[in-house]
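Input: a single structure, listed below in structure tokens.
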Amino acid sequence: MDDTIDAVRADRDLKTKHRAMWALGDYPALATDIIAGLGPALVRASRVRPGDRVLDVAAGSGNAAIPAALSGASVVASDLTPELFDAGRRRAAELGAEVEWREADAEAMPFADNEFDTVMSCVGVMFAPHHQESADELVRVCRPGGTIGLLSWTPEGFIGQMFATMKPYAPPPPPGAQPPPLWGREDHVRALFGHRVTDVVATRHTVRIDQFRTPEDFRDYFKTRYGPTIAVYQHIADDPARVAQLDHELADLARRFDHGTGSTVMNWEYLLLTARKW
């Protein structure tokens with residue numbers, strides 16, 4: 001009994017930390033400034049249609065939920081960090097999109113079995129720490145014959161490599177937590193879903209990032225707006241030498257991916273995967 005209680009407390013503490021991390025900085029601005037095109041790409045790949053009941057899991061400020069609603073679907077945007085919803089509500093109102101916003105843990109969602117025609121997540125569910133639990137929930141709330149659509153950063157791509165760069169400077173992950181970029185591997189996602197889905201289509205794409213003048217501009221932007229990066233810097237804030245080293249490594253990473261002339265241009269790779277629930 002004590003072990004069960006300890007496990008529940010540990011999970012609750014972990015989720016509290018995750019919620020606080022994503023509330024740091026300004027993820028809604030980043031999603032709009034840098035990766036606004038990813039949500040519509042996922043909606044198209046998931047073939048969302050007018051009248052569909054759609055759940056966007058780990059929706060943030062609605063990067064995919066809002067385009068889905070504009071397509072005529074009935075959309076619920078759920079996220080562990082409701083602090084992100086205010087920006088989403090403002091954006092939805094500006095565009096005339098109707099979205100229902102619900103606080104929810106991707107690993108234990110408050111929705112009924114088989115409730116949605118489409119269940120999707122745009123660089124969101126990949127950050128839930130326990131992958132199998134999240135995958136089980138995606139399948140559970142999707143109706144038989146419905147679509148599960150995921151867009152995830154790949155381990156080899158820029159964001160996957162950014163997390164690899166930050167890992168030595170971050171606190172060790174809790175037992176059982178898995179690296180987010182694993183969701184960017186087709187074989188990993190297929191194993192999570194198993195025989196519960198069919199018609200799996202997985203393709204790799206890149207999004208062009210050309211908003212930064214220099215690699216250092218990229219680094220400084222993420223240091224002030226992206227929760228996971230901010231959290232890592234907070235962890236090493238008392239060690240100026242390590243801060244300087246991470247500064248150097250993040251800028252160097254952007255420099256290695258940079259193929260621009262006169263300004264920084266990068267292609268960030270992601271996996272776009274859709275499947276149909278049996």
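The chains in the structure tokens are called A, B, ... from first to last as shown; in each chain the residues are counted from 1, and the ligands are counted from 1 in the order shown.
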
Could you go through stretch 74-218 of chain A and tell me which residues DSSP, when run on the backbone, assigns to alpha helix (DSSP H), listing them as number ranges by chain?
A: 85-95, 131-141, 158-166, 186-193, 215-218

Residues at most 12 Å from A:Leu273, counting only C-alpha atoms, excluding those fewer than 6 positions away in the same chain, as an MDAnalysis selection string?
chainID A and resid 41:46 119:123 147:154 183:190 193 197:205

Could those residues be written to a file, using C-alpha atoms, as an mmCIF file, in the first residue's frame?
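Wrote again30.cif, looks like this:
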data_model
loop_
_atom_site.group_PDB
_atom_site.id
_atom_site.type_symbol
_atom_site.label_atom_id
_atom_site.label_comp_id
_atom_site.auth_asym_id
_atom_site.auth_seq_id
_atom_site.Cartn_x
_atom_site.Cartn_y
_atom_site.Cartn_z
ATOM 1 C CA ALA A 41 -0.569 20.302 -41.591
ATOM 2 C CA LEU A 42 -1.749 17.843 -38.937
ATOM 3 C CA VAL A 43 -5.399 18.764 -39.480
ATOM 4 C CA ARG A 44 -5.055 18.111 -43.221
ATOM 5 C CA ALA A 45 -3.265 14.800 -42.705
ATOM 6 C CA SER A 46 -5.928 13.704 -40.202
ATOM 7 C CA VAL A 119 -7.783 12.362 -31.727
ATOM 8 C CA MET A 120 -4.681 14.363 -32.583
ATOM 9 C CA SER A 121 -1.649 15.992 -31.026
ATOM 10 C CA CYS A 122 0.797 18.484 -32.514
ATOM 11 C CA VAL A 123 4.205 18.305 -30.754
ATOM 12 C CA THR A 147 -8.366 8.652 -36.821
ATOM 13 C CA ILE A 148 -5.388 9.211 -34.552
ATOM 14 C CA GLY A 149 -3.041 11.879 -35.911
ATOM 15 C CA LEU A 150 0.331 12.803 -34.418
ATOM 16 C CA LEU A 151 3.018 15.303 -35.334
ATOM 17 C CA SER A 152 6.234 14.812 -33.338
ATOM 18 C CA TRP A 153 9.820 16.057 -33.493
ATOM 19 C CA THR A 154 12.279 13.345 -34.566
ATOM 20 C CA TRP A 183 7.518 9.731 -30.545
ATOM 21 C CA GLY A 184 9.337 10.862 -33.692
ATOM 22 C CA ARG A 185 10.298 7.240 -34.464
ATOM 23 C CA GLU A 186 7.720 5.296 -36.427
ATOM 24 C CA ASP A 187 8.690 1.948 -34.883
ATOM 25 C CA HIS A 188 8.253 3.346 -31.376
ATOM 26 C CA VAL A 189 4.769 4.663 -32.082
ATOM 27 C CA ARG A 190 3.729 1.459 -33.840
ATOM 28 C CA PHE A 193 -0.350 1.265 -30.445
ATOM 29 C CA VAL A 197 -4.746 0.446 -35.040
ATOM 30 C CA THR A 198 -4.460 -0.128 -38.768
ATOM 31 C CA ASP A 199 -3.738 1.889 -41.937
ATOM 32 C CA VAL A 200 -0.686 3.523 -40.369
ATOM 33 C CA VAL A 201 0.851 6.210 -42.584
ATOM 34 C CA ALA A 202 4.101 7.760 -41.352
ATOM 35 C CA THR A 203 6.142 10.341 -43.263
ATOM 36 C CA ARG A 204 8.978 12.629 -42.324
ATOM 37 C CA HIS A 205 8.840 16.312 -43.209
#

Which residues come within 8 Å of A:Ser78, counting only C-alpha atoms, excluding same-chain residues fewer than 5 positions away, as an mmCIF file with all heavy atoms, in the first residue's frame?
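Result saved to out.cif:
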data_model
loop_
_atom_site.group_PDB
_atom_site.id
_atom_site.type_symbol
_atom_site.label_atom_id
_atom_site.label_comp_id
_atom_site.auth_asym_id
_atom_site.auth_seq_id
_atom_site.Cartn_x
_atom_site.Cartn_y
_atom_site.Cartn_z
ATOM 1 N N LEU A 55 -10.623 15.800 -30.701
ATOM 2 C CA LEU A 55 -9.885 16.090 -29.469
ATOM 3 C C LEU A 55 -8.436 16.392 -29.823
ATOM 4 O O LEU A 55 -7.764 15.585 -30.465
ATOM 5 C CB LEU A 55 -9.940 14.898 -28.513
ATOM 6 C CG LEU A 55 -9.095 15.029 -27.239
ATOM 7 C CD1 LEU A 55 -9.599 16.169 -26.362
ATOM 8 C CD2 LEU A 55 -9.076 13.717 -26.453
ATOM 9 N N ASP A 56 -7.971 17.559 -29.396
ATOM 10 C CA ASP A 56 -6.564 17.925 -29.533
ATOM 11 C C ASP A 56 -5.913 17.719 -28.166
ATOM 12 O O ASP A 56 -6.251 18.416 -27.193
ATOM 13 C CB ASP A 56 -6.436 19.378 -29.990
ATOM 14 C CG ASP A 56 -5.012 19.795 -30.284
ATOM 15 O OD1 ASP A 56 -4.108 18.937 -30.232
ATOM 16 O OD2 ASP A 56 -4.790 20.985 -30.560
ATOM 17 N N VAL A 57 -5.009 16.746 -28.068
ATOM 18 C CA VAL A 57 -4.381 16.359 -26.803
ATOM 19 C C VAL A 57 -3.075 17.134 -26.625
ATOM 20 O O VAL A 57 -2.281 17.239 -27.557
ATOM 21 C CB VAL A 57 -4.109 14.840 -26.779
ATOM 22 C CG1 VAL A 57 -3.450 14.438 -25.463
ATOM 23 C CG2 VAL A 57 -5.405 14.063 -26.984
ATOM 24 N N ALA A 58 -2.861 17.635 -25.403
ATOM 25 C CA ALA A 58 -1.695 18.492 -25.139
ATOM 26 C C ALA A 58 -1.674 19.628 -26.157
ATOM 27 O O ALA A 58 -0.694 19.876 -26.842
ATOM 28 C CB ALA A 58 -0.397 17.680 -25.174
ATOM 29 N N ALA A 59 -2.808 20.325 -26.218
ATOM 30 C CA ALA A 59 -3.073 21.288 -27.288
ATOM 31 C C ALA A 59 -2.339 22.603 -27.127
ATOM 32 O O ALA A 59 -2.280 23.392 -28.076
ATOM 33 C CB ALA A 59 -4.582 21.556 -27.358
ATOM 34 N N GLY A 60 -1.812 22.886 -25.943
ATOM 35 C CA GLY A 60 -1.178 24.176 -25.735
ATOM 36 C C GLY A 60 -2.181 25.296 -25.937
ATOM 37 O O GLY A 60 -3.266 25.311 -25.359
ATOM 38 N N TRP A 101 -12.181 24.383 -24.220
ATOM 39 C CA TRP A 101 -10.875 24.227 -23.587
ATOM 40 C C TRP A 101 -11.044 23.455 -22.290
ATOM 41 O O TRP A 101 -11.821 23.839 -21.420
ATOM 42 C CB TRP A 101 -10.248 25.596 -23.324
ATOM 43 C CG TRP A 101 -10.143 26.436 -24.570
ATOM 44 C CD1 TRP A 101 -11.102 27.274 -25.082
ATOM 45 C CD2 TRP A 101 -9.035 26.492 -25.465
ATOM 46 N NE1 TRP A 101 -10.652 27.848 -26.237
ATOM 47 C CE2 TRP A 101 -9.402 27.394 -26.507
ATOM 48 C CE3 TRP A 101 -7.787 25.873 -25.503
ATOM 49 C CZ2 TRP A 101 -8.541 27.697 -27.561
ATOM 50 C CZ3 TRP A 101 -6.929 26.169 -26.554
ATOM 51 C CH2 TRP A 101 -7.306 27.067 -27.565
ATOM 52 N N ARG A 102 -10.276 22.348 -22.148
ATOM 53 C CA ARG A 102 -10.400 21.486 -20.969
ATOM 54 C C ARG A 102 -9.024 21.149 -20.404
ATOM 55 O O ARG A 102 -8.145 20.677 -21.141
ATOM 56 C CB ARG A 102 -11.103 20.177 -21.352
ATOM 57 C CG ARG A 102 -12.568 20.310 -21.736
ATOM 58 C CD ARG A 102 -13.478 20.409 -20.531
ATOM 59 N NE ARG A 102 -13.353 19.257 -19.637
ATOM 60 C CZ ARG A 102 -14.008 18.114 -19.812
ATOM 61 N NH1 ARG A 102 -14.819 17.945 -20.842
ATOM 62 N NH2 ARG A 102 -13.861 17.127 -18.949
ATOM 63 N N GLU A 103 -8.855 21.377 -19.107
ATOM 64 C CA GLU A 103 -7.632 20.926 -18.445
ATOM 65 C C GLU A 103 -7.665 19.404 -18.363
ATOM 66 O O GLU A 103 -8.664 18.817 -17.933
ATOM 67 C CB GLU A 103 -7.535 21.525 -17.050
ATOM 68 C CG GLU A 103 -6.285 21.106 -16.296
ATOM 69 C CD GLU A 103 -6.165 21.741 -14.922
ATOM 70 O OE1 GLU A 103 -6.965 22.660 -14.628
ATOM 71 O OE2 GLU A 103 -5.280 21.309 -14.151
ATOM 72 N N ALA A 104 -6.577 18.746 -18.785
ATOM 73 C CA ALA A 104 -6.561 17.283 -18.789
ATOM 74 C C ALA A 104 -5.133 16.778 -18.866
ATOM 75 O O ALA A 104 -4.296 17.332 -19.580
ATOM 76 C CB ALA A 104 -7.371 16.730 -19.968
#

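Nearest residue to A:Ala77, choosing from A:Pro181, A:Gly124, A:Pro40, A:Asp33 and counting only C-alpha atoms: A:Gly124.
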
Within 12 Å of A:Pro172, counting only C-alpha atoms, which residues show up once you throw out same-chain ones fewer than 6 positions away? Write them as JSON, numbers by chain, please.
{"A": [166, 178, 179, 232, 235]}

Could the residues in this selection be saved with all heavy atoms as a PDB file, in the first residue's frame?
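Saved result, again.pdb, follows:
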ATOM      1  N   MET A 166      20.660  19.624 -24.281  1.00  0.00           N
ATOM      2  CA  MET A 166      20.313  20.134 -22.951  1.00  0.00           C
ATOM      3  C   MET A 166      20.358  19.061 -21.869  1.00  0.00           C
ATOM      4  O   MET A 166      20.486  19.377 -20.679  1.00  0.00           O
ATOM      5  CB  MET A 166      18.916  20.763 -22.982  1.00  0.00           C
ATOM      6  CG  MET A 166      18.808  21.999 -23.854  1.00  0.00           C
ATOM      7  SD  MET A 166      17.236  22.909 -23.636  1.00  0.00           S
ATOM      8  CE  MET A 166      16.020  21.653 -24.062  1.00  0.00           C
ATOM      9  N   GLN A 178      10.181   8.704 -20.262  1.00  0.00           N
ATOM     10  CA  GLN A 178      10.855   8.415 -21.527  1.00  0.00           C
ATOM     11  C   GLN A 178      11.120   9.700 -22.297  1.00  0.00           C
ATOM     12  O   GLN A 178      10.376  10.672 -22.171  1.00  0.00           O
ATOM     13  CB  GLN A 178       9.996   7.470 -22.363  1.00  0.00           C
ATOM     14  CG  GLN A 178       9.834   6.092 -21.755  1.00  0.00           C
ATOM     15  CD  GLN A 178       8.881   5.227 -22.571  1.00  0.00           C
ATOM     16  OE1 GLN A 178       7.676   5.343 -22.444  1.00  0.00           O
ATOM     17  NE2 GLN A 178       9.437   4.373 -23.413  1.00  0.00           N
ATOM     18  N   PRO A 179      12.162   9.715 -23.135  1.00  0.00           N
ATOM     19  CA  PRO A 179      12.514  10.922 -23.887  1.00  0.00           C
ATOM     20  C   PRO A 179      11.422  11.292 -24.892  1.00  0.00           C
ATOM     21  O   PRO A 179      10.941  10.435 -25.637  1.00  0.00           O
ATOM     22  CB  PRO A 179      13.806  10.528 -24.609  1.00  0.00           C
ATOM     23  CG  PRO A 179      14.327   9.338 -23.881  1.00  0.00           C
ATOM     24  CD  PRO A 179      13.134   8.619 -23.344  1.00  0.00           C
ATOM     25  N   VAL A 232      15.832  24.247 -17.846  1.00  0.00           N
ATOM     26  CA  VAL A 232      17.217  23.766 -17.784  1.00  0.00           C
ATOM     27  C   VAL A 232      18.143  24.882 -17.317  1.00  0.00           C
ATOM     28  O   VAL A 232      19.018  24.665 -16.457  1.00  0.00           O
ATOM     29  CB  VAL A 232      17.655  23.227 -19.155  1.00  0.00           C
ATOM     30  CG1 VAL A 232      19.157  22.953 -19.174  1.00  0.00           C
ATOM     31  CG2 VAL A 232      16.889  21.955 -19.491  1.00  0.00           C
ATOM     32  N   HIS A 235      17.926  25.378 -13.679  1.00  0.00           N
ATOM     33  CA  HIS A 235      18.590  24.312 -12.932  1.00  0.00           C
ATOM     34  C   HIS A 235      20.081  24.587 -12.743  1.00  0.00           C
ATOM     35  O   HIS A 235      20.657  24.175 -11.731  1.00  0.00           O
ATOM     36  CB  HIS A 235      18.399  22.984 -13.658  1.00  0.00           C
ATOM     37  CG  HIS A 235      19.019  21.813 -12.978  1.00  0.00           C
ATOM     38  ND1 HIS A 235      18.626  21.353 -11.734  1.00  0.00           N
ATOM     39  CD2 HIS A 235      20.041  20.980 -13.374  1.00  0.00           C
ATOM     40  CE1 HIS A 235      19.359  20.322 -11.398  1.00  0.00           C
ATOM     41  NE2 HIS A 235      20.225  20.073 -12.358  1.00  0.00           N
TER      42      HIS A 235
END
